[in-house]
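Okay, coords.txt is below, compact mmCIF, C-alpha atoms:
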```txt
# COMPACT_ATOMS: atom_id res chain seq x y z
CA MET F 1 85.05 110.09 66.94
CA ASP F 2 82.04 108.44 65.35
CA ALA F 3 78.93 108.69 67.57
CA ALA F 4 78.17 104.97 67.31
CA LEU F 5 81.72 104.07 68.31
CA SER F 6 81.57 106.49 71.25
CA ALA F 7 78.32 104.92 72.41
CA TRP F 8 79.75 101.41 72.19
CA LEU F 9 82.82 102.50 74.15
CA GLY F 10 80.60 104.03 76.81
CA PHE F 11 78.46 100.92 77.11
CA GLY F 12 81.58 98.74 77.13
CA TRP F 13 83.14 100.81 79.91
CA TRP F 14 79.98 100.53 82.01
CA ALA F 15 79.70 96.78 81.34
CA ALA F 16 83.35 96.17 82.24
CA GLY F 17 83.10 98.04 85.54
CA SER F 18 79.84 96.35 86.49
CA THR F 19 81.29 92.95 85.67
CA VAL F 20 84.30 93.59 87.90
CA GLN F 21 81.99 94.71 90.70
CA TRP F 22 79.87 91.57 90.61
CA LEU F 23 82.74 89.20 89.86
CA SER F 24 84.82 90.50 92.76
CA ALA F 25 81.81 90.15 95.07
CA ALA F 26 81.22 86.58 93.89
CA LEU F 27 84.86 85.56 94.35
CA ALA F 28 85.26 87.26 97.72
CA ARG F 29 82.03 86.49 99.56
CA SER F 30 82.73 82.86 100.48
CA PRO F 31 85.78 81.81 102.50
CA LEU F 32 87.91 78.97 101.18
CA PRO F 33 87.49 75.64 103.00
CA PRO F 34 89.76 75.46 106.07
CA ASP F 35 93.01 73.54 105.69
CA SER F 36 92.84 72.15 109.21
CA THR F 37 90.18 70.73 111.48
CA ALA F 38 89.69 71.90 115.04
CA GLN F 39 91.67 68.89 116.23
CA ASP F 40 94.64 69.85 114.03
CA LEU F 41 94.92 73.46 115.21
CA ARG F 42 97.99 74.57 117.12
CA PRO F 43 97.77 75.22 120.87
CA ILE F 44 97.75 78.88 121.84
CA ALA F 45 101.11 78.36 123.56
CA ASP F 46 102.67 78.06 120.09
CA PHE F 47 102.14 81.77 119.38
CA SER F 48 104.26 84.86 119.91
CA ILE F 49 102.19 88.04 119.44
CA VAL F 50 104.08 91.22 118.61
CA ALA F 51 101.89 94.25 119.38
CA PRO F 52 103.43 97.63 118.42
CA MET F 53 101.90 100.75 119.95
CA ILE F 54 102.44 104.48 119.62
CA GLY F 55 100.57 106.73 122.01
CA ALA F 56 97.90 106.08 124.61
CA ALA F 57 95.18 105.79 121.95
CA ASP F 58 96.79 102.57 120.66
CA ALA F 59 96.50 101.07 124.14
CA ALA F 60 92.70 101.24 124.31
CA GLU F 61 91.32 99.15 127.16
CA PRO F 62 89.45 96.58 125.01
CA TYR F 63 92.59 95.95 122.95
CA VAL F 64 94.88 95.57 125.96
CA ARG F 65 92.31 93.30 127.62
CA ALA F 66 92.26 91.11 124.50
CA LEU F 67 96.05 90.85 124.59
CA GLN F 68 95.94 89.98 128.29
CA VAL F 69 93.43 87.20 127.67
CA LEU F 70 95.70 85.75 124.97
CA SER F 71 98.66 85.88 127.34
CA GLU F 72 96.72 84.21 130.14
CA ALA F 73 95.69 81.48 127.68
CA GLY F 74 99.38 80.72 127.06
CA ALA F 75 100.54 82.97 124.21
CA GLU F 76 103.71 85.05 124.40
CA VAL F 77 102.60 88.70 124.08
CA LEU F 78 105.26 91.33 123.42
CA VAL F 79 104.10 94.96 123.49
CA CYS F 80 106.52 97.23 121.63
CA VAL F 81 106.96 100.97 122.15
CA ALA F 82 109.66 103.21 120.75
CA ASN F 83 110.63 105.14 123.88
CA GLY F 84 110.08 105.21 127.61
CA ASN F 85 107.95 108.35 127.51
CA ASP F 86 105.32 106.85 125.22
CA GLY F 87 101.81 107.20 126.61
CA ALA F 88 101.03 103.62 125.58
CA ILE F 89 103.14 102.35 128.49
CA ALA F 90 101.05 103.90 131.26
CA ALA F 91 97.81 103.12 129.44
CA THR F 92 98.80 99.47 129.07
CA ARG F 93 100.00 99.13 132.67
CA ALA F 94 96.73 100.64 133.93
CA VAL F 95 94.83 97.76 132.36
CA TRP F 96 97.44 95.00 132.47
CA PRO F 97 100.18 95.66 135.04
CA ALA F 98 102.13 92.48 134.20
CA ALA F 99 102.36 93.12 130.44
CA THR F 100 105.73 92.50 128.81
CA ILE F 101 106.68 95.82 127.23
CA LEU F 102 109.80 96.13 125.07
CA ILE F 103 111.19 99.65 124.72
CA GLY F 104 113.55 100.89 122.02
CA SER F 105 113.77 102.02 118.42
CA ASP F 106 115.88 101.27 115.37
CA ALA F 107 117.01 103.80 112.76
CA THR F 108 115.75 102.52 109.38
CA PHE F 109 113.51 104.44 106.96
CA ASN F 110 110.36 102.79 108.40
CA PRO F 111 109.31 104.08 111.87
CA LYS F 112 106.83 101.24 112.33
CA MET F 113 109.48 98.59 111.76
CA ASN F 114 111.91 100.53 113.96
CA ASN F 115 109.46 99.84 116.77
CA VAL F 116 108.62 96.27 115.72
CA ARG F 117 112.15 94.93 115.20
CA LYS F 118 112.85 94.16 118.86
CA GLY F 119 109.59 92.24 119.13
CA LEU F 120 110.28 90.10 116.07
CA GLU F 121 113.77 89.33 117.33
CA ALA F 122 112.50 88.46 120.82
CA ALA F 123 109.64 86.24 119.62
CA SER F 124 110.42 82.66 120.62
CA ARG F 125 107.35 80.56 119.79
CA PRO F 126 106.82 78.44 116.62
CA VAL F 127 104.36 80.95 115.10
CA VAL F 128 104.91 84.72 115.16
CA CYS F 129 101.93 87.06 114.88
CA LEU F 130 102.31 90.78 114.12
CA CYS F 131 99.07 92.49 115.16
CA ASP F 132 97.91 96.01 114.28
CA ALA F 133 96.83 98.12 117.24
CA GLY F 134 93.16 97.98 118.16
CA ILE F 135 92.32 94.55 116.72
CA LEU F 136 90.34 92.38 119.13
CA LEU F 137 91.89 89.02 118.40
CA THR F 138 90.70 85.90 120.22
CA ALA F 139 92.54 82.63 120.79
CA ASN F 140 90.14 80.69 118.57
CA GLU F 141 90.51 83.22 115.73
CA LEU F 142 94.29 83.15 116.04
CA ARG F 143 94.41 79.35 115.96
CA SER F 144 91.94 79.17 113.08
CA VAL F 145 93.80 81.64 110.87
CA ALA F 146 97.13 79.96 111.61
CA GLY F 147 95.63 76.66 110.48
CA ALA F 148 96.40 77.67 106.91
CA LEU F 149 100.17 77.63 107.58
CA SER F 150 101.78 74.53 106.14
CA ALA F 151 104.89 73.24 104.41
CA ARG F 152 103.69 75.06 101.28
CA VAL F 153 102.05 78.14 102.83
CA GLY F 154 104.59 80.29 104.62
CA LEU F 155 102.51 83.37 105.46
CA VAL F 156 98.87 84.04 106.32
CA LEU F 157 97.32 87.50 106.57
CA ALA F 158 94.05 88.02 108.43
CA LEU F 159 92.15 91.04 107.13
CA LYS F 160 90.49 93.33 109.62
CA ALA F 161 86.75 93.99 109.62
CA GLY F 162 85.78 97.48 110.71
CA GLU F 163 82.85 97.55 113.12
CA ALA F 164 81.15 99.75 115.71
CA ALA F 165 81.39 102.96 113.66
CA GLU F 166 80.03 105.65 115.97
CA ASN F 167 79.97 108.58 113.54
CA PHE F 168 79.83 109.02 109.77
CA PRO F 169 83.60 109.47 109.16
CA ALA F 170 84.08 106.11 110.90
CA GLU F 171 81.34 104.67 108.68
CA LEU F 172 83.22 105.95 105.64
CA GLU F 173 86.41 104.33 106.88
CA ARG F 174 84.49 101.10 107.31
CA ALA F 175 83.33 101.40 103.70
CA TYR F 176 86.97 101.59 102.61
CA ILE F 177 88.12 98.72 104.85
CA ASN F 178 85.24 96.29 104.35
CA GLY F 179 83.45 97.04 101.11
CA HIS F 180 86.44 97.98 98.97
CA GLN F 181 89.78 96.72 100.27
CA ALA F 182 88.59 93.40 101.70
CA ARG F 183 86.45 92.65 98.65
CA PHE F 184 89.24 93.11 96.13
CA LEU F 185 91.87 91.42 98.30
CA PHE F 186 89.72 88.36 98.95
CA ALA F 187 88.87 88.14 95.25
CA ALA F 188 92.54 88.35 94.24
CA ASP F 189 93.48 85.74 96.84
CA ARG F 190 90.74 83.43 95.51
CA LEU F 191 92.41 83.70 92.08
CA GLY F 192 95.75 82.68 93.58
CA LEU F 193 97.34 86.12 93.33
CA ALA F 194 99.77 87.40 95.96
CA VAL F 195 98.06 90.05 98.06
CA ALA F 196 99.27 92.09 101.02
CA SER F 197 97.46 94.06 103.68
CA GLY F 198 97.78 95.09 107.28
CA GLY F 199 95.77 93.50 110.06
CA VAL F 200 97.26 90.33 111.52
CA THR F 201 100.36 88.78 109.95
CA LEU F 202 101.12 85.15 110.83
CA ILE F 203 104.40 83.50 109.92
CA THR F 204 106.26 80.50 111.29
CA HIS F 205 109.38 81.24 113.29
CA ASP F 206 111.42 79.18 110.84
CA THR F 207 110.17 81.14 107.83
CA LEU F 208 110.74 84.40 109.69
CA GLN F 209 114.40 83.51 110.14
CA ARG F 210 114.73 82.44 106.51
CA ILE F 211 113.65 85.90 105.30
CA GLY F 212 116.10 87.60 107.64
CA ASN F 213 113.65 88.25 110.49
CA TRP F 214 112.70 91.97 110.47
CA LYS F 215 114.71 92.59 107.29
CA GLY F 216 112.11 90.65 105.32
CA PHE F 217 109.56 93.30 106.33
CA ASN F 218 111.75 96.24 105.34
CA ARG F 219 112.71 95.68 101.69
CA TRP F 220 109.93 97.80 100.17
CA ILE F 221 108.16 100.90 101.46
CA ALA F 222 105.21 98.83 102.73
CA ASP F 223 106.03 96.19 105.34
CA ASP F 224 103.06 93.96 104.45
CA TYR F 225 104.06 93.92 100.78
CA SER F 226 107.69 93.33 101.74
CA VAL F 227 107.03 90.27 103.87
CA THR F 228 104.68 88.84 101.24
CA ARG F 229 107.30 89.18 98.51
CA SER F 230 110.05 87.88 100.80
CA VAL F 231 108.10 84.71 101.62
CA ARG F 232 107.08 84.17 97.99
CA GLU F 233 110.72 84.40 96.92
CA LEU F 234 111.40 81.38 99.14
CA GLY F 235 109.08 79.40 96.90
CA LEU F 236 106.30 79.38 99.49
CA ARG F 237 102.70 80.45 99.00
CA THR F 238 101.00 83.28 100.87
CA ARG F 239 97.29 83.60 101.43
CA LEU F 240 94.56 85.38 103.34
CA GLY F 241 92.92 83.85 106.36
CA GLY F 242 89.36 82.67 105.87
CA SER F 243 87.97 84.77 108.70
CA MET F 244 88.30 88.48 109.41
CA VAL F 245 89.39 89.93 112.74
CA ARG F 246 87.44 92.70 114.46
CA LEU F 247 88.59 96.32 114.54
CA PRO F 248 86.22 98.59 116.51
CA LEU F 249 86.35 102.01 114.85
CA GLY F 250 84.55 104.16 117.41
CA ARG F 251 84.62 107.82 116.42
CA ARG F 252 86.85 109.10 113.63
CA GLU F 253 87.72 112.54 112.32
CA TRP F 254 87.17 113.11 108.61
CA SER F 255 90.66 114.58 108.15
CA VAL F 256 92.26 111.51 109.74
CA VAL F 257 90.26 109.12 107.56
CA TRP F 258 91.12 111.03 104.39
CA ARG F 259 94.84 111.32 105.19
CA ARG F 260 94.99 107.59 105.82
CA GLN F 261 93.46 106.82 102.43
CA VAL F 262 95.86 109.23 100.70
CA ARG F 263 98.78 107.62 102.52
CA TRP F 264 97.75 104.13 101.46
CA ALA F 265 97.18 105.25 97.86
CA ARG F 266 100.57 106.98 97.64
CA THR F 267 102.25 103.96 99.20
CA ARG F 268 100.69 101.56 96.69
CA LEU F 269 101.76 103.86 93.85
CA ARG F 270 105.37 103.25 94.92
CA LEU F 271 105.02 99.49 94.71
CA PRO F 272 105.14 97.28 91.59
CA VAL F 273 101.31 97.01 91.74
CA TRP F 274 100.87 100.70 90.82
CA PRO F 275 99.15 100.09 87.43
CA LEU F 276 96.26 98.35 89.20
CA VAL F 277 95.97 101.27 91.61
CA LEU F 278 95.64 103.75 88.75
CA TRP F 279 92.89 101.60 87.28
CA GLU F 280 90.69 101.62 90.40
CA PRO F 281 88.74 104.86 89.74
CA MET F 282 88.12 103.79 86.16
CA ILE F 283 86.09 100.77 87.24
CA GLY F 284 84.29 102.53 90.09
CA TRP F 285 80.61 103.40 90.39
CA LEU F 286 80.98 107.06 89.41
CA LEU F 287 83.02 106.88 86.20
CA CYS F 288 81.31 103.70 84.98
CA GLY F 289 77.92 105.28 85.60
CA LEU F 290 78.94 108.44 83.76
CA ALA F 291 80.20 106.37 80.83
CA GLY F 292 76.91 104.49 80.61
CA ALA F 293 74.82 107.67 80.93
CA GLY F 294 76.95 109.36 78.28
CA ALA F 295 76.41 106.45 75.91
CA LEU F 296 72.65 106.70 76.40
CA LEU F 297 72.75 110.42 75.65
CA ILE F 298 74.77 109.79 72.49
CA VAL F 299 72.11 107.40 71.16
CA GLU F 300 69.54 110.09 71.98
CA THR F 301 67.42 108.30 74.53
CA GLY F 302 65.13 110.47 76.65
CA TRP F 303 66.32 111.92 79.93
CA GLN F 304 63.82 109.70 81.76
CA VAL F 305 65.64 106.63 80.46
CA VAL F 306 68.99 108.07 81.53
CA VAL F 307 67.69 108.78 85.04
CA LEU F 308 66.18 105.30 85.37
CA ALA F 309 69.32 103.65 84.00
CA THR F 310 71.52 105.60 86.44
CA ALA F 311 69.29 104.62 89.33
CA GLY F 312 69.40 100.98 88.22
CA HIS F 313 73.18 101.14 87.93
CA THR F 314 73.40 102.49 91.49
CA VAL F 315 71.04 99.89 92.95
CA ALA F 316 72.87 97.05 91.21
CA TRP F 317 76.24 98.37 92.36
CA LEU F 318 75.14 98.51 95.98
CA ALA F 319 73.44 95.11 95.71
CA ALA F 320 76.75 93.53 94.69
CA GLU F 321 78.51 95.08 97.69
CA LYS F 322 75.74 93.99 100.06
CA TRP F 323 75.93 90.47 98.60
CA PHE F 324 79.64 90.33 99.37
CA MET F 325 79.15 91.75 102.86
CA SER F 326 76.41 89.27 103.74
CA GLY F 327 78.65 86.38 102.71
CA ARG F 328 81.30 87.58 105.16
CA GLY F 329 78.82 88.33 107.96
CA LEU F 330 79.35 92.10 107.68
CA ALA F 331 76.58 94.63 108.22
CA PHE F 332 75.44 96.79 105.29
CA GLY F 333 72.55 99.12 106.09
CA PRO F 334 71.38 102.46 104.64
CA ARG F 335 74.20 104.44 106.27
CA ALA F 336 76.78 101.97 104.93
CA ALA F 337 75.25 102.29 101.44
CA ILE F 338 75.57 106.09 101.54
CA ALA F 339 79.18 105.78 102.74
CA ALA F 340 79.92 103.35 99.88
CA LEU F 341 78.62 105.82 97.29
CA ILE F 342 80.64 108.66 98.81
CA ARG F 343 83.72 106.44 98.75
CA GLU F 344 83.12 105.71 95.06
CA ALA F 345 82.47 109.37 94.23
CA LEU F 346 85.74 110.33 95.93
CA ALA F 347 87.81 107.70 94.08
CA PRO F 348 88.98 110.04 91.28
CA VAL F 349 89.69 112.80 93.82
CA LEU F 350 91.68 110.39 95.95
CA MET F 351 93.77 109.28 93.00
CA LEU F 352 94.49 112.86 91.89
CA ASN F 353 95.48 113.69 95.45
CA ALA F 354 97.74 110.66 95.61
CA LEU F 355 99.43 111.64 92.34
CA SER F 356 99.86 115.27 93.36
CA GLY F 357 102.53 114.74 96.02
CA ARG F 358 105.27 112.41 97.21
CA SER F 359 104.96 112.80 100.97
CA ILE F 360 103.49 109.83 102.86
CA ASP F 361 102.54 110.91 106.35
CA TRP F 362 102.72 108.13 108.93
CA ARG F 363 102.04 109.51 112.41
CA GLY F 364 104.01 112.69 111.82
CA THR F 365 106.85 111.09 109.83
CA ASP F 366 107.20 111.53 106.07
CA LEU F 367 107.69 107.88 105.14
CA GLY F 368 108.06 108.83 101.47
CA SER F 369 111.02 111.09 102.19
CA GLN F 370 112.57 108.48 104.49
CA TRP F 371 112.22 105.85 101.74
CA ARG F 372 113.81 108.09 99.09
CA SER F 373 116.68 109.08 101.39
CA ARG F 374 117.75 105.45 101.85
CA GLY F 375 119.30 105.49 98.36
CA ASP F 376 117.81 104.92 94.91
CA GLY F 377 114.42 103.82 96.21
CA SER F 378 114.94 100.22 95.09
CA PRO F 379 114.19 97.32 97.42
CA GLU F 380 116.93 95.66 99.36
CA LYS F 381 118.31 92.45 97.97
CA PRO F 382 116.78 89.22 99.29
CA VAL F 383 118.49 87.96 102.39
```
Final structure tokens representation of the file:
Amino acid sequence: MDAALSAWLGFGWWAAGSTVQWLSAALARSPLPPDSTAQDLRPIADFSIVAPMIGAADAAEPYVRALQVLSEAGAEVLVCVANGNDGAIAATRAVWPAATILIGSDATFNPKMNNVRKGLEAASRPVVCLCDAGILLTANELRSVAGALSARVGLVLALKAGEAAENFPAELERAYINGHQARFLFAADRLGLAVASGGVTLITHDTLQRIGNWKGFNRWIADDYSVTRSVRELGLRTRLGGSMVRLPLGRREWSVVWRRQVRWARTRLRLPVWPLVLWEPMIGWLLCGLAGAGALLIVETGWQVVVLATAGHTVAWLAAEKWFMSGRGLAFGPRAAIAALIREALAPVLMLNALSGRSIDWRGTDLGSQWRSRGDGSPEKPV
């Protein structure tokens, strides 16, 4: 290849990645104006909260206390566990003796939905909220996020904001949750694209029944993607909530953080959005920086220029992420910056790892194998 063409390709690659970094930060940093005023928000008694748990760790005291406060404020809170021996039962009762705990499991390919089904079917209030374990949701946050539900908007997803990272693996997980996933999801939502993510899922009871209740969550391998597609197929919009809900991270083990990222990557590769997933490492800090540095070497600039340009690329990359984080009220200090660079450096490794296998480990269950064993791997027909 001609040297000049190679240099232009390298500069173009760097420019494209840097543009995506800054554009996504610009789109994602400011919440959309609320659809409802404080006077228009639903009363807390309008909400059913389905809270699935597996194991005592899911029933951490701050989380159970938050659920208890919501219940005492008037919400219907339904804790779901798969069997009577689950450690989450005793841990929940120790904090909140009067908690409503539903016990039982279904037999579909998705162990999470096997646990959740009974809660979705039992939910009786006008708005149903499916909440990931550990999220400290308040009544005001719940009412505010639900304010986006309307005759045209059938589903609202509230993204979680990782906080209180007590060791570096937890800081790295926060870099994935806040600086990467939230940034791109908020940016896509701002452009009107359908996005899906775990955290807090809010749907009206009427819409839930129209998608077949729990069946609307179980048509694809990822329940959040399934419910988003199911609601969109009704002709309704889906969107992200303007505010993020808190997820204290505490201490994490590196192996657990890495396996979770591999699981999410492999799951996304089995959804129709897989081309975008493959593209992620290509527009990341590492490969874009290497492309720019390679272009400078091709045009025979001195090594000092290459070093300065690489440093400038790194500073600008982190500045864009900090800009986004500040707009969302998220902390971004020196340790967060280091975690962000490690996340970016690991992006190609993560993708290769995701492509190297088909197993998707979810709490000891191979979700990938379960999904393939259900038939041809195609989604169920709309209900």
Counting all atoms listed in the file, give me one row per residue of range 203-322 of chain F with an atom at most 9 Å from an atom of range 106-127 of chain F, showing the shortest contact pair and its distance in Å to one decimal, sorted by chain then residue number, as JSON lines.
```
{"residue": "F:Ile203", "atom": "CA", "partner": "F:Val127", "partner_atom": "CA", "distance": 5.8}
{"residue": "F:Thr204", "atom": "CA", "partner": "F:Val127", "partner_atom": "CA", "distance": 4.3}
{"residue": "F:His205", "atom": "CA", "partner": "F:Pro126", "partner_atom": "CA", "distance": 5.0}
{"residue": "F:Asp206", "atom": "CA", "partner": "F:Pro126", "partner_atom": "CA", "distance": 7.4}
{"residue": "F:Leu208", "atom": "CA", "partner": "F:Leu120", "partner_atom": "CA", "distance": 8.6}
{"residue": "F:Asn213", "atom": "CA", "partner": "F:Leu120", "partner_atom": "CA", "distance": 6.8}
{"residue": "F:Trp214", "atom": "CA", "partner": "F:Arg117", "partner_atom": "CA", "distance": 5.6}
{"residue": "F:Lys215", "atom": "CA", "partner": "F:Arg117", "partner_atom": "CA", "distance": 8.6}
{"residue": "F:Phe217", "atom": "CA", "partner": "F:Met113", "partner_atom": "CA", "distance": 7.6}
{"residue": "F:Asn218", "atom": "CA", "partner": "F:Met113", "partner_atom": "CA", "distance": 7.2}
{"residue": "F:Ile221", "atom": "CA", "partner": "F:Asn110", "partner_atom": "CA", "distance": 7.5}
{"residue": "F:Ala222", "atom": "CA", "partner": "F:Asn110", "partner_atom": "CA", "distance": 8.6}
{"residue": "F:Asp223", "atom": "CA", "partner": "F:Met113", "partner_atom": "CA", "distance": 7.7}
```
Practice item. For Ala196 in chain F, list every protein, DNA or RNA residue within 12 Å, evaluated using all atoms listed in the file, and leave out those in the same chain fewer than 2 positions away; present the list as a VMD selection string. Key: chain F and resid 155 to 159 181 to 182 184 to 186 188 to 189 193 to 194 198 to 201 217 222 to 232 238 to 241 268 271 273
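The list of residues with at least one atom within 7 Å of range 310-325 of chain F, based on all atoms listed in the file and without residues fewer than 3 positions apart in the same chain, reads Gln21, Trp22, Ala25, Ala26, Ala28, Arg29, Gly179, Trp285, Gly289, Ala293, Val306, Val307, Arg328, Gly329, Leu330, Ala331, Phe332 and Ala337 of chain F.
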**Study point:** Distance criterion (all atoms listed in the file): nearest to Cys80 in chain F out of F:Met53, F:Leu149, F:Ala345, F:Leu191
**Key:** F:Met53
Check your understanding: What's the 8 Å shell around range 175-177 of chain F, counting only C-alpha atoms, without same-chain residues fewer than 4 positions away, as a PyMOL selection string?
Key -> chain F and resi 160-162+171+181-182+336+339-340+343
Store the residues picked out above, limited to C-alpha atoms, as a PDB file, in the frame of the given file.
```
ATOM      1  CA  LYS F 160      90.490  93.330 109.620  1.00  0.00           C
ATOM      2  CA  ALA F 161      86.750  93.990 109.620  1.00  0.00           C
ATOM      3  CA  GLY F 162      85.780  97.480 110.710  1.00  0.00           C
ATOM      4  CA  GLU F 171      81.340 104.670 108.680  1.00  0.00           C
ATOM      5  CA  GLN F 181      89.780  96.720 100.270  1.00  0.00           C
ATOM      6  CA  ALA F 182      88.590  93.400 101.700  1.00  0.00           C
ATOM      7  CA  ALA F 336      76.780 101.970 104.930  1.00  0.00           C
ATOM      8  CA  ALA F 339      79.180 105.780 102.740  1.00  0.00           C
ATOM      9  CA  ALA F 340      79.920 103.350  99.880  1.00  0.00           C
ATOM     10  CA  ARG F 343      83.720 106.440  98.750  1.00  0.00           C
TER      11      ARG F 343
END
```
Centre and edge lengths of an axis-aligned box around all listed atoms of range 15-33 of chain F, with 3 Å added on each side, are to be given in Å to one decimal, as JSON.
```
{"center_x": 83.8, "center_y": 86.8, "center_z": 92.2, "size_x": 14.2, "size_y": 28.4, "size_z": 27.7}
```
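Distances from F:Leu236, F:Ala187, F:Cys131, F:Leu9 to Ser30 in chain F were compared using all atoms listed in the file, and the smallest one belongs to F:Ala187.
Interatomic distance, CA of Ala265 in chain F against CA of Glu344 in chain F: 14.3 Å.
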